[in-house]
Amino acid sequence: MMRKLLTVALSGTFAFSANLAANEDTTQAYIDQLTSMGFPAPKESQLVHIPPTMADLEEADIHPELKKVIRKGYDLFTNTQQLRGENVFNNMNCSSCHLGEGRMPFSAPIWPAAVTLPGYRGKNGHVNNLEERIAGCFTYSMNGKPLEYGSDNMLALSAYHQWLATGVEMYPKQPIYGRGFPAPERPAELSYANGEKLYEENCAVCHQEDGSGLRVDGHTVFPAPWGDMSNNWGAGIVRLFTAAGFIKNNMPLGQPNSLSDQEAWDIAFYMDSQERPQDPRYTGDVKETLEQFGPTFHKHSMYGQVREHDGKVLADHDNTGEKPFLKPDTIRSRNFD
Ligand code: HEC
Ligand code: HEC
């Protein structure tokens, strides 16, 4: 069984295919595969959707021009480094965090956004559509500059998201099985020292002791969990519960659910207590920024906190990494009054 798990996750595709219109048997086989990897089975009330694969796309009865655009979106999602220096200023691909090409349950599969938006988003306090949601991951997770709304690349990337949602009704009433990075329960105490030790034992072999990952010939082999080549301080994964959920469900690569809840949280605490590029919402002062975003977002992160073992104030700098600006002008408020 272990061997099977490794092939599934190491191939990074989780290529379970439901091309012949999902029926009860394929859905059950899909769920069996996930439970054998340690994930919970869906509750009766939950919506289970098996997103189509790229092989399904070739078989699909849709216009060849549309297939071309979806293929382009897939290519941008899995090799976002092709936009390096324009829209991306770190070592991430979208698929660095959204495993299985954006299809993997419990790894924030991307298709739910296509059926739940337009919708209100607390992070920016207004109604977002799919393009703006994608722009959010460019701004924070890619430490970048979003694709222009309505551009060819934005159309392609949105098309890939929407196509993965094929067959799901808009605004489904049921909660979605495997959405986001569900977090294990937070333990009473978190240990930086234990997180450091566990990181060195379980993660550094790929991500390096200094968190810089590995890049070869302009291609990211292992992304950077912290440092200049990582996501910035405004990204969702800097929230401890999101990082713990990501780690528990997805890492070490190929061994999902192998760490205990305490271990996943301790590693998240260690990882999120390291430096990274400044939050694009930075006002020029870390305390002031924390006052503004502490109550909503940064109460879950280490932003502006004093690191216990060396007294360092985290995020007290104006380093934006390789990105030559702080805030892309796409971040703006909307008002329909
Ligand atoms: C550093 C990790 C990281 C990278 C890289 C990343 N994302 Fe995300 N993404 C997240 C997190 C965290 C969430 C929020 C998940 C949650 O709600 O728990 C998210 C959520 C999303 C959602 C919403 C999913 C839903 O359930 O509604 C979409 C769509 C999305 N990302 C698209 C992208 C695209 C497109 C890219 C590349 C341009 C990208 N992401 C890159 C971490 C990342
Ligand atoms: C066998 C190599 C390997 C090991 C071991 C491993 N990872 Fe990863 N990790 C990856 C790869 C590869 C990706 C990107 C996924 C992809 O591109 O398919 C990734 C993605 C990530 C990400 C999201 C992107 C980023 O860099 O922030 C985080 C966070 C992460 N790993 C943390 C960890 C932690 C914590 C551990 C140890 C518990 C760990 N990894 C162990 C290979 C590994």
# chains A, B, ... in the order shown; residues from 1 in each chain; ligands from 1

$ residues_near_ligand --ligand "ligand 1" --cutoff "6 Å" --atoms "only C-alpha atoms and all ligand atoms" --output "number ranges by chain"
A: 77, 92-94, 96-97, 108, 110, 112-113, 133-134, 137-138, 141-142, 179-181, 231, 236-237

$ residues_around --residues "His207 (chain A)" --least-positions-apart "4" --cutoff "12 Å" --atoms "only C-alpha atoms" --output "ChimeraX atom specification"
/A:91,199-203,211-215,220-227,229-230,251-253,271

$ residues_around --residues "Ala268 (chain A)" --least-positions-apart "6" --cutoff "9 Å" --atoms "only C-alpha atoms" --output "PyMOL selection string"
chain A and resi 195+238-247

$ write_last_selection --atoms "N, CA and C atoms" --output "mmCIF file, in the first residue's frame"
data_model
loop_
_atom_site.group_PDB
_atom_site.id
_atom_site.type_symbol
_atom_site.label_atom_id
_atom_site.label_comp_id
_atom_site.auth_asym_id
_atom_site.auth_seq_id
_atom_site.Cartn_x
_atom_site.Cartn_y
_atom_site.Cartn_z
ATOM 1 N N GLY A 195 9.861 21.732 16.466
ATOM 2 C CA GLY A 195 9.573 21.992 15.052
ATOM 3 C C GLY A 195 10.856 22.014 14.238
ATOM 4 N N VAL A 238 0.821 31.573 5.658
ATOM 5 C CA VAL A 238 1.528 32.044 6.866
ATOM 6 C C VAL A 238 0.638 31.950 8.111
ATOM 7 N N ARG A 239 -0.646 31.695 7.905
ATOM 8 C CA ARG A 239 -1.484 31.440 9.085
ATOM 9 C C ARG A 239 -1.120 30.056 9.605
ATOM 10 N N LEU A 240 -0.888 29.973 10.920
ATOM 11 C CA LEU A 240 -0.390 28.709 11.474
ATOM 12 C C LEU A 240 -1.326 27.544 11.188
ATOM 13 N N PHE A 241 -2.643 27.791 11.277
ATOM 14 C CA PHE A 241 -3.555 26.651 11.086
ATOM 15 C C PHE A 241 -3.533 26.169 9.631
ATOM 16 N N THR A 242 -3.347 27.110 8.700
ATOM 17 C CA THR A 242 -3.296 26.714 7.291
ATOM 18 C C THR A 242 -2.010 25.942 7.010
ATOM 19 N N ALA A 243 -0.890 26.432 7.567
ATOM 20 C CA ALA A 243 0.389 25.736 7.380
ATOM 21 C C ALA A 243 0.330 24.341 8.003
ATOM 22 N N ALA A 244 -0.250 24.257 9.202
ATOM 23 C CA ALA A 244 -0.344 22.942 9.862
ATOM 24 C C ALA A 244 -1.208 22.003 9.029
ATOM 25 N N GLY A 245 -2.291 22.522 8.485
ATOM 26 C CA GLY A 245 -3.163 21.714 7.638
ATOM 27 C C GLY A 245 -2.448 21.277 6.371
ATOM 28 N N PHE A 246 -1.744 22.215 5.752
ATOM 29 C CA PHE A 246 -0.993 21.872 4.540
ATOM 30 C C PHE A 246 0.002 20.753 4.835
ATOM 31 N N ILE A 247 0.764 20.924 5.905
ATOM 32 C CA ILE A 247 1.828 19.963 6.225
ATOM 33 C C ILE A 247 1.238 18.596 6.572
#

$ residues_around --residues "Arg84 (chain A)" --least-positions-apart "2" --cutoff "12 Å" --atoms "only C-alpha atoms" --output "list in words"
Leu76, Asn79, Thr80, Gln81, Gln82, Glu86, Asn87, Val88, Phe89, Asn90, Asn91, Met92, Asn93, Phe138, Met142, Asn143, Gly144, Lys145, Pro146, Leu147, Gly218, His219, Thr220, Met229, Glu322 and Lys323 of chain A

$ residues_around --residues "Gly38 (chain A)" --least-positions-apart "2" --cutoff "10 Å" --atoms "only C-alpha atoms" --output "ChimeraX atom specification"
/A:32-36,40-41,249,255-258

$ closest_residue --among "A:Phe39, A:Trp265, A:Tyr30, A:Phe293" --to "Phe106 (chain A)" --atoms "only C-alpha atoms"
A:Phe39

$ closest_residue --among "A:Trp233, A:Tyr149, A:Phe336, A:Tyr160" --to "ligand 2" --atoms "only C-alpha atoms and all ligand atoms"
A:Trp233

$ select_by_dssp --residues "region 2-241 of chain A" --states "alpha helix (DSSP H)" --output "short mmCIF file (atom, residue, chain, number, x, y, z; two decimals) with N, CA and C atoms, in the first residue's frame"
data_model
loop_
_atom_site.label_atom_id
_atom_site.label_comp_id
_atom_site.auth_asym_id
_atom_site.auth_seq_id
_atom_site.Cartn_x
_atom_site.Cartn_y
_atom_site.Cartn_z
N MET A 2 1.92 1.23 0.84
CA MET A 2 2.82 2.38 0.91
C MET A 2 3.33 2.75 -0.47
N ARG A 3 3.66 1.71 -1.24
CA ARG A 3 4.20 1.93 -2.57
C ARG A 3 3.21 2.68 -3.45
N LYS A 4 1.96 2.27 -3.33
CA LYS A 4 0.91 2.91 -4.12
C LYS A 4 0.79 4.40 -3.73
N LEU A 5 0.83 4.63 -2.43
CA LEU A 5 0.72 6.01 -1.96
C LEU A 5 1.83 6.84 -2.54
N LEU A 6 3.02 6.26 -2.53
CA LEU A 6 4.17 7.02 -3.01
C LEU A 6 4.02 7.36 -4.48
N THR A 7 3.57 6.40 -5.28
CA THR A 7 3.42 6.72 -6.71
C THR A 7 2.37 7.79 -6.90
N VAL A 8 1.28 7.65 -6.16
CA VAL A 8 0.21 8.63 -6.32
C VAL A 8 0.74 10.02 -6.03
N ALA A 9 1.36 10.18 -4.86
CA ALA A 9 1.71 11.53 -4.46
C ALA A 9 2.99 12.02 -5.14
N LEU A 10 3.94 11.15 -5.37
CA LEU A 10 5.19 11.62 -5.96
C LEU A 10 5.01 12.02 -7.41
N GLU A 24 -21.61 5.70 -8.98
CA GLU A 24 -21.35 5.36 -7.58
C GLU A 24 -20.06 4.57 -7.40
N ASP A 25 -19.75 3.70 -8.37
CA ASP A 25 -18.54 2.87 -8.23
C ASP A 25 -17.28 3.70 -8.32
N THR A 26 -17.22 4.60 -9.30
CA THR A 26 -16.00 5.41 -9.41
C THR A 26 -15.85 6.31 -8.20
N THR A 27 -16.96 6.85 -7.71
CA THR A 27 -16.88 7.72 -6.54
C THR A 27 -16.38 6.92 -5.33
N GLN A 28 -16.88 5.71 -5.18
CA GLN A 28 -16.45 4.89 -4.05
C GLN A 28 -14.96 4.56 -4.18
N ALA A 29 -14.50 4.24 -5.38
CA ALA A 29 -13.08 3.92 -5.59
C ALA A 29 -12.21 5.13 -5.27
N TYR A 30 -12.70 6.30 -5.64
CA TYR A 30 -11.99 7.55 -5.37
C TYR A 30 -11.86 7.77 -3.86
N ILE A 31 -12.97 7.58 -3.16
CA ILE A 31 -12.96 7.76 -1.71
C ILE A 31 -12.05 6.71 -1.05
N ASP A 32 -12.11 5.47 -1.56
CA ASP A 32 -11.25 4.42 -0.99
C ASP A 32 -9.77 4.79 -1.13
N GLN A 33 -9.44 5.35 -2.28
CA GLN A 33 -8.05 5.73 -2.50
C GLN A 33 -7.62 6.79 -1.48
N LEU A 34 -8.51 7.76 -1.24
CA LEU A 34 -8.18 8.83 -0.28
C LEU A 34 -8.12 8.32 1.15
N THR A 35 -9.05 7.44 1.53
CA THR A 35 -9.02 6.95 2.91
C THR A 35 -7.80 6.06 3.12
N SER A 36 -7.35 5.37 2.06
CA SER A 36 -6.15 4.55 2.21
C SER A 36 -4.91 5.44 2.40
N MET A 54 -6.23 15.91 -17.41
CA MET A 54 -5.85 16.39 -18.74
C MET A 54 -6.11 15.31 -19.79
N ALA A 55 -6.06 14.04 -19.38
CA ALA A 55 -6.40 12.97 -20.33
C ALA A 55 -7.89 13.05 -20.68
N ASP A 56 -8.71 13.37 -19.68
CA ASP A 56 -10.15 13.54 -19.94
C ASP A 56 -10.39 14.69 -20.92
N LEU A 57 -9.55 15.72 -20.81
CA LEU A 57 -9.74 16.88 -21.69
C LEU A 57 -9.63 16.46 -23.16
N GLU A 58 -8.64 15.61 -23.43
CA GLU A 58 -8.44 15.19 -24.82
C GLU A 58 -9.67 14.46 -25.36
N GLU A 59 -10.34 13.73 -24.46
CA GLU A 59 -11.54 12.96 -24.86
C GLU A 59 -12.80 13.82 -24.92
N PRO A 64 -12.21 22.50 -30.11
CA PRO A 64 -10.75 22.40 -30.04
C PRO A 64 -10.08 23.70 -29.57
N GLU A 65 -10.66 24.84 -29.91
CA GLU A 65 -10.09 26.12 -29.44
C GLU A 65 -10.18 26.21 -27.92
N LEU A 66 -11.29 25.74 -27.36
CA LEU A 66 -11.44 25.77 -25.90
C LEU A 66 -10.43 24.82 -25.25
N LYS A 67 -10.23 23.66 -25.85
CA LYS A 67 -9.22 22.73 -25.31
C LYS A 67 -7.85 23.40 -25.27
N LYS A 68 -7.55 24.14 -26.33
CA LYS A 68 -6.26 24.82 -26.41
C LYS A 68 -6.10 25.81 -25.25
N VAL A 69 -7.16 26.54 -24.97
CA VAL A 69 -7.10 27.55 -23.91
C VAL A 69 -6.97 26.88 -22.54
N ILE A 70 -7.70 25.78 -22.33
CA ILE A 70 -7.61 25.07 -21.04
C ILE A 70 -6.21 24.48 -20.87
N ARG A 71 -5.65 23.93 -21.96
CA ARG A 71 -4.27 23.42 -21.89
C ARG A 71 -3.29 24.51 -21.51
N LYS A 72 -3.52 25.70 -22.05
CA LYS A 72 -2.66 26.83 -21.72
C LYS A 72 -2.78 27.18 -20.23
N GLY A 73 -4.01 27.14 -19.72
CA GLY A 73 -4.24 27.43 -18.30
C GLY A 73 -3.55 26.41 -17.41
N TYR A 74 -3.64 25.16 -17.81
CA TYR A 74 -2.95 24.09 -17.09
C TYR A 74 -1.44 24.33 -17.08
N ASP A 75 -0.92 24.71 -18.24
CA ASP A 75 0.51 24.95 -18.38
C ASP A 75 0.96 26.11 -17.48
N LEU A 76 0.14 27.15 -17.39
CA LEU A 76 0.46 28.28 -16.52
C LEU A 76 0.38 27.88 -15.05
N PHE A 77 -0.56 27.03 -14.72
CA PHE A 77 -0.76 26.62 -13.33
C PHE A 77 0.40 25.75 -12.85
N THR A 78 0.86 24.86 -13.71
CA THR A 78 1.90 23.90 -13.29
C THR A 78 3.31 24.41 -13.58
N TRP A 111 -10.98 24.07 -7.97
CA TRP A 111 -12.28 24.18 -8.64
C TRP A 111 -13.39 24.79 -7.78
N PRO A 112 -13.38 24.62 -6.41
CA PRO A 112 -14.48 25.21 -5.64
C PRO A 112 -14.64 26.71 -5.88
N ALA A 113 -13.53 27.39 -6.15
CA ALA A 113 -13.63 28.84 -6.39
C ALA A 113 -14.52 29.14 -7.59
N ALA A 114 -14.50 28.24 -8.57
CA ALA A 114 -15.27 28.48 -9.80
C ALA A 114 -16.78 28.37 -9.58
N VAL A 115 -17.19 27.67 -8.53
CA VAL A 115 -18.63 27.49 -8.30
C VAL A 115 -19.14 28.25 -7.07
N THR A 116 -18.24 28.91 -6.34
CA THR A 116 -18.67 29.65 -5.14
C THR A 116 -18.46 31.16 -5.29
N LEU A 130 -13.80 35.09 -9.79
CA LEU A 130 -12.72 34.11 -9.90
C LEU A 130 -11.38 34.77 -10.26
N GLU A 131 -11.42 35.75 -11.18
CA GLU A 131 -10.18 36.43 -11.57
C GLU A 131 -9.52 37.09 -10.36
N GLU A 132 -10.33 37.74 -9.52
CA GLU A 132 -9.74 38.43 -8.37
C GLU A 132 -9.19 37.43 -7.35
N ARG A 133 -9.84 36.26 -7.25
CA ARG A 133 -9.33 35.22 -6.33
C ARG A 133 -7.97 34.73 -6.81
N ILE A 134 -7.86 34.51 -8.13
CA ILE A 134 -6.58 34.09 -8.71
C ILE A 134 -5.54 35.19 -8.50
N ALA A 135 -5.96 36.43 -8.70
CA ALA A 135 -5.05 37.57 -8.49
C ALA A 135 -4.51 37.58 -7.07
N GLY A 136 -5.34 37.17 -6.11
CA GLY A 136 -4.91 37.13 -4.72
C GLY A 136 -3.73 36.20 -4.52
N CYS A 137 -3.78 35.03 -5.12
CA CYS A 137 -2.64 34.10 -4.96
C CYS A 137 -1.40 34.64 -5.68
N PHE A 138 -1.57 35.39 -6.76
CA PHE A 138 -0.40 36.03 -7.39
C PHE A 138 0.22 37.07 -6.47
N THR A 139 -0.63 37.89 -5.85
CA THR A 139 -0.15 38.99 -5.02
C THR A 139 0.63 38.50 -3.80
N ASP A 152 -5.20 37.39 -21.98
CA ASP A 152 -5.21 36.02 -22.51
C ASP A 152 -4.82 35.01 -21.42
N ASN A 153 -3.75 35.33 -20.68
CA ASN A 153 -3.31 34.39 -19.64
C ASN A 153 -4.34 34.25 -18.52
N MET A 154 -4.99 35.36 -18.15
CA MET A 154 -6.01 35.28 -17.09
C MET A 154 -7.20 34.45 -17.58
N LEU A 155 -7.57 34.64 -18.83
CA LEU A 155 -8.66 33.84 -19.40
C LEU A 155 -8.30 32.36 -19.36
N ALA A 156 -7.07 32.04 -19.76
CA ALA A 156 -6.65 30.63 -19.81
C ALA A 156 -6.65 30.02 -18.41
N LEU A 157 -6.09 30.76 -17.44
CA LEU A 157 -6.00 30.22 -16.08
C LEU A 157 -7.42 30.05 -15.49
N SER A 158 -8.29 31.01 -15.72
CA SER A 158 -9.67 30.86 -15.22
C SER A 158 -10.36 29.69 -15.91
N ALA A 159 -10.10 29.53 -17.20
CA ALA A 159 -10.74 28.43 -17.93
C ALA A 159 -10.35 27.09 -17.32
N TYR A 160 -9.07 26.96 -16.94
CA TYR A 160 -8.63 25.71 -16.32
C TYR A 160 -9.38 25.46 -15.01
N HIS A 161 -9.52 26.50 -14.17
CA HIS A 161 -10.26 26.36 -12.91
C HIS A 161 -11.72 25.93 -13.19
N GLN A 162 -12.34 26.62 -14.12
CA GLN A 162 -13.77 26.37 -14.37
C GLN A 162 -14.00 24.99 -14.97
N TRP A 163 -13.09 24.60 -15.84
CA TRP A 163 -13.23 23.28 -16.46
C TRP A 163 -13.09 22.16 -15.43
N LEU A 164 -12.20 22.36 -14.43
CA LEU A 164 -12.05 21.35 -13.36
C LEU A 164 -13.36 21.17 -12.57
N TYR A 192 8.93 25.47 19.21
CA TYR A 192 9.83 25.89 18.13
C TYR A 192 10.98 24.88 18.00
N ALA A 193 11.55 24.51 19.14
CA ALA A 193 12.73 23.61 19.12
C ALA A 193 12.35 22.25 18.53
N ASN A 194 11.19 21.75 18.90
CA ASN A 194 10.76 20.47 18.35
C ASN A 194 10.46 20.61 16.86
N GLY A 195 9.86 21.73 16.47
CA GLY A 195 9.57 21.99 15.05
C GLY A 195 10.86 22.01 14.24
N GLU A 196 11.87 22.65 14.78
CA GLU A 196 13.17 22.75 14.09
C GLU A 196 13.77 21.35 13.89
N LYS A 197 13.72 20.57 14.96
CA LYS A 197 14.29 19.22 14.91
C LYS A 197 13.53 18.37 13.88
N LEU A 198 12.21 18.44 13.93
CA LEU A 198 11.39 17.65 13.00
C LEU A 198 11.60 18.11 11.56
N TYR A 199 11.75 19.41 11.37
CA TYR A 199 11.99 19.94 10.02
C TYR A 199 13.30 19.36 9.49
N GLU A 200 14.32 19.38 10.33
CA GLU A 200 15.61 18.86 9.87
C GLU A 200 15.54 17.38 9.53
N GLU A 201 14.77 16.65 10.31
CA GLU A 201 14.66 15.20 10.07
C GLU A 201 13.80 14.84 8.87
N ASN A 202 12.73 15.61 8.66
CA ASN A 202 11.71 15.19 7.68
C ASN A 202 11.61 16.03 6.42
N ALA A 204 14.21 18.86 5.48
CA ALA A 204 15.39 19.55 4.96
C ALA A 204 16.02 18.80 3.79
N VAL A 205 15.81 17.50 3.72
CA VAL A 205 16.40 16.74 2.62
C VAL A 205 15.95 17.31 1.27
N CYS A 206 14.75 17.80 1.19
CA CYS A 206 14.27 18.41 -0.05
C CYS A 206 14.30 19.94 0.02
N HIS A 207 13.81 20.52 1.12
CA HIS A 207 13.64 21.98 1.18
C HIS A 207 14.87 22.72 1.70
N LEU A 240 -0.89 29.97 10.92
CA LEU A 240 -0.39 28.71 11.47
C LEU A 240 -1.33 27.54 11.19
N PHE A 241 -2.64 27.79 11.28
CA PHE A 241 -3.56 26.65 11.09
C PHE A 241 -3.53 26.17 9.63
#

$ closest_residue --among "A:Asp217, A:Asp266, A:Glu185, A:Glu169" --to "ligand 2" --atoms "only C-alpha atoms and all ligand atoms"
A:Asp266

$ select_by_dssp --residues "region 216-301 of chain A" --states "strand (DSSP E or B)" --output "PyMOL selection string"
chain A and resi 216+219-222

$ write_last_selection --atoms "C-alpha atoms" --output "compact mmCIF listing (two decimals), in the first residue's frame"
# COMPACT_ATOMS: atom_id res chain seq x y z
CA VAL A 216 17.80 23.81 -11.32
CA HIS A 219 12.98 25.09 -12.92
CA THR A 220 11.77 24.69 -9.33
CA VAL A 221 12.40 21.18 -8.05
CA PHE A 222 11.66 21.94 -4.39

$ closest_residue --among "A:Leu259, A:Met37, A:Ala315, A:Leu117" --to "ligand 2" --atoms "only C-alpha atoms and all ligand atoms"
A:Leu259
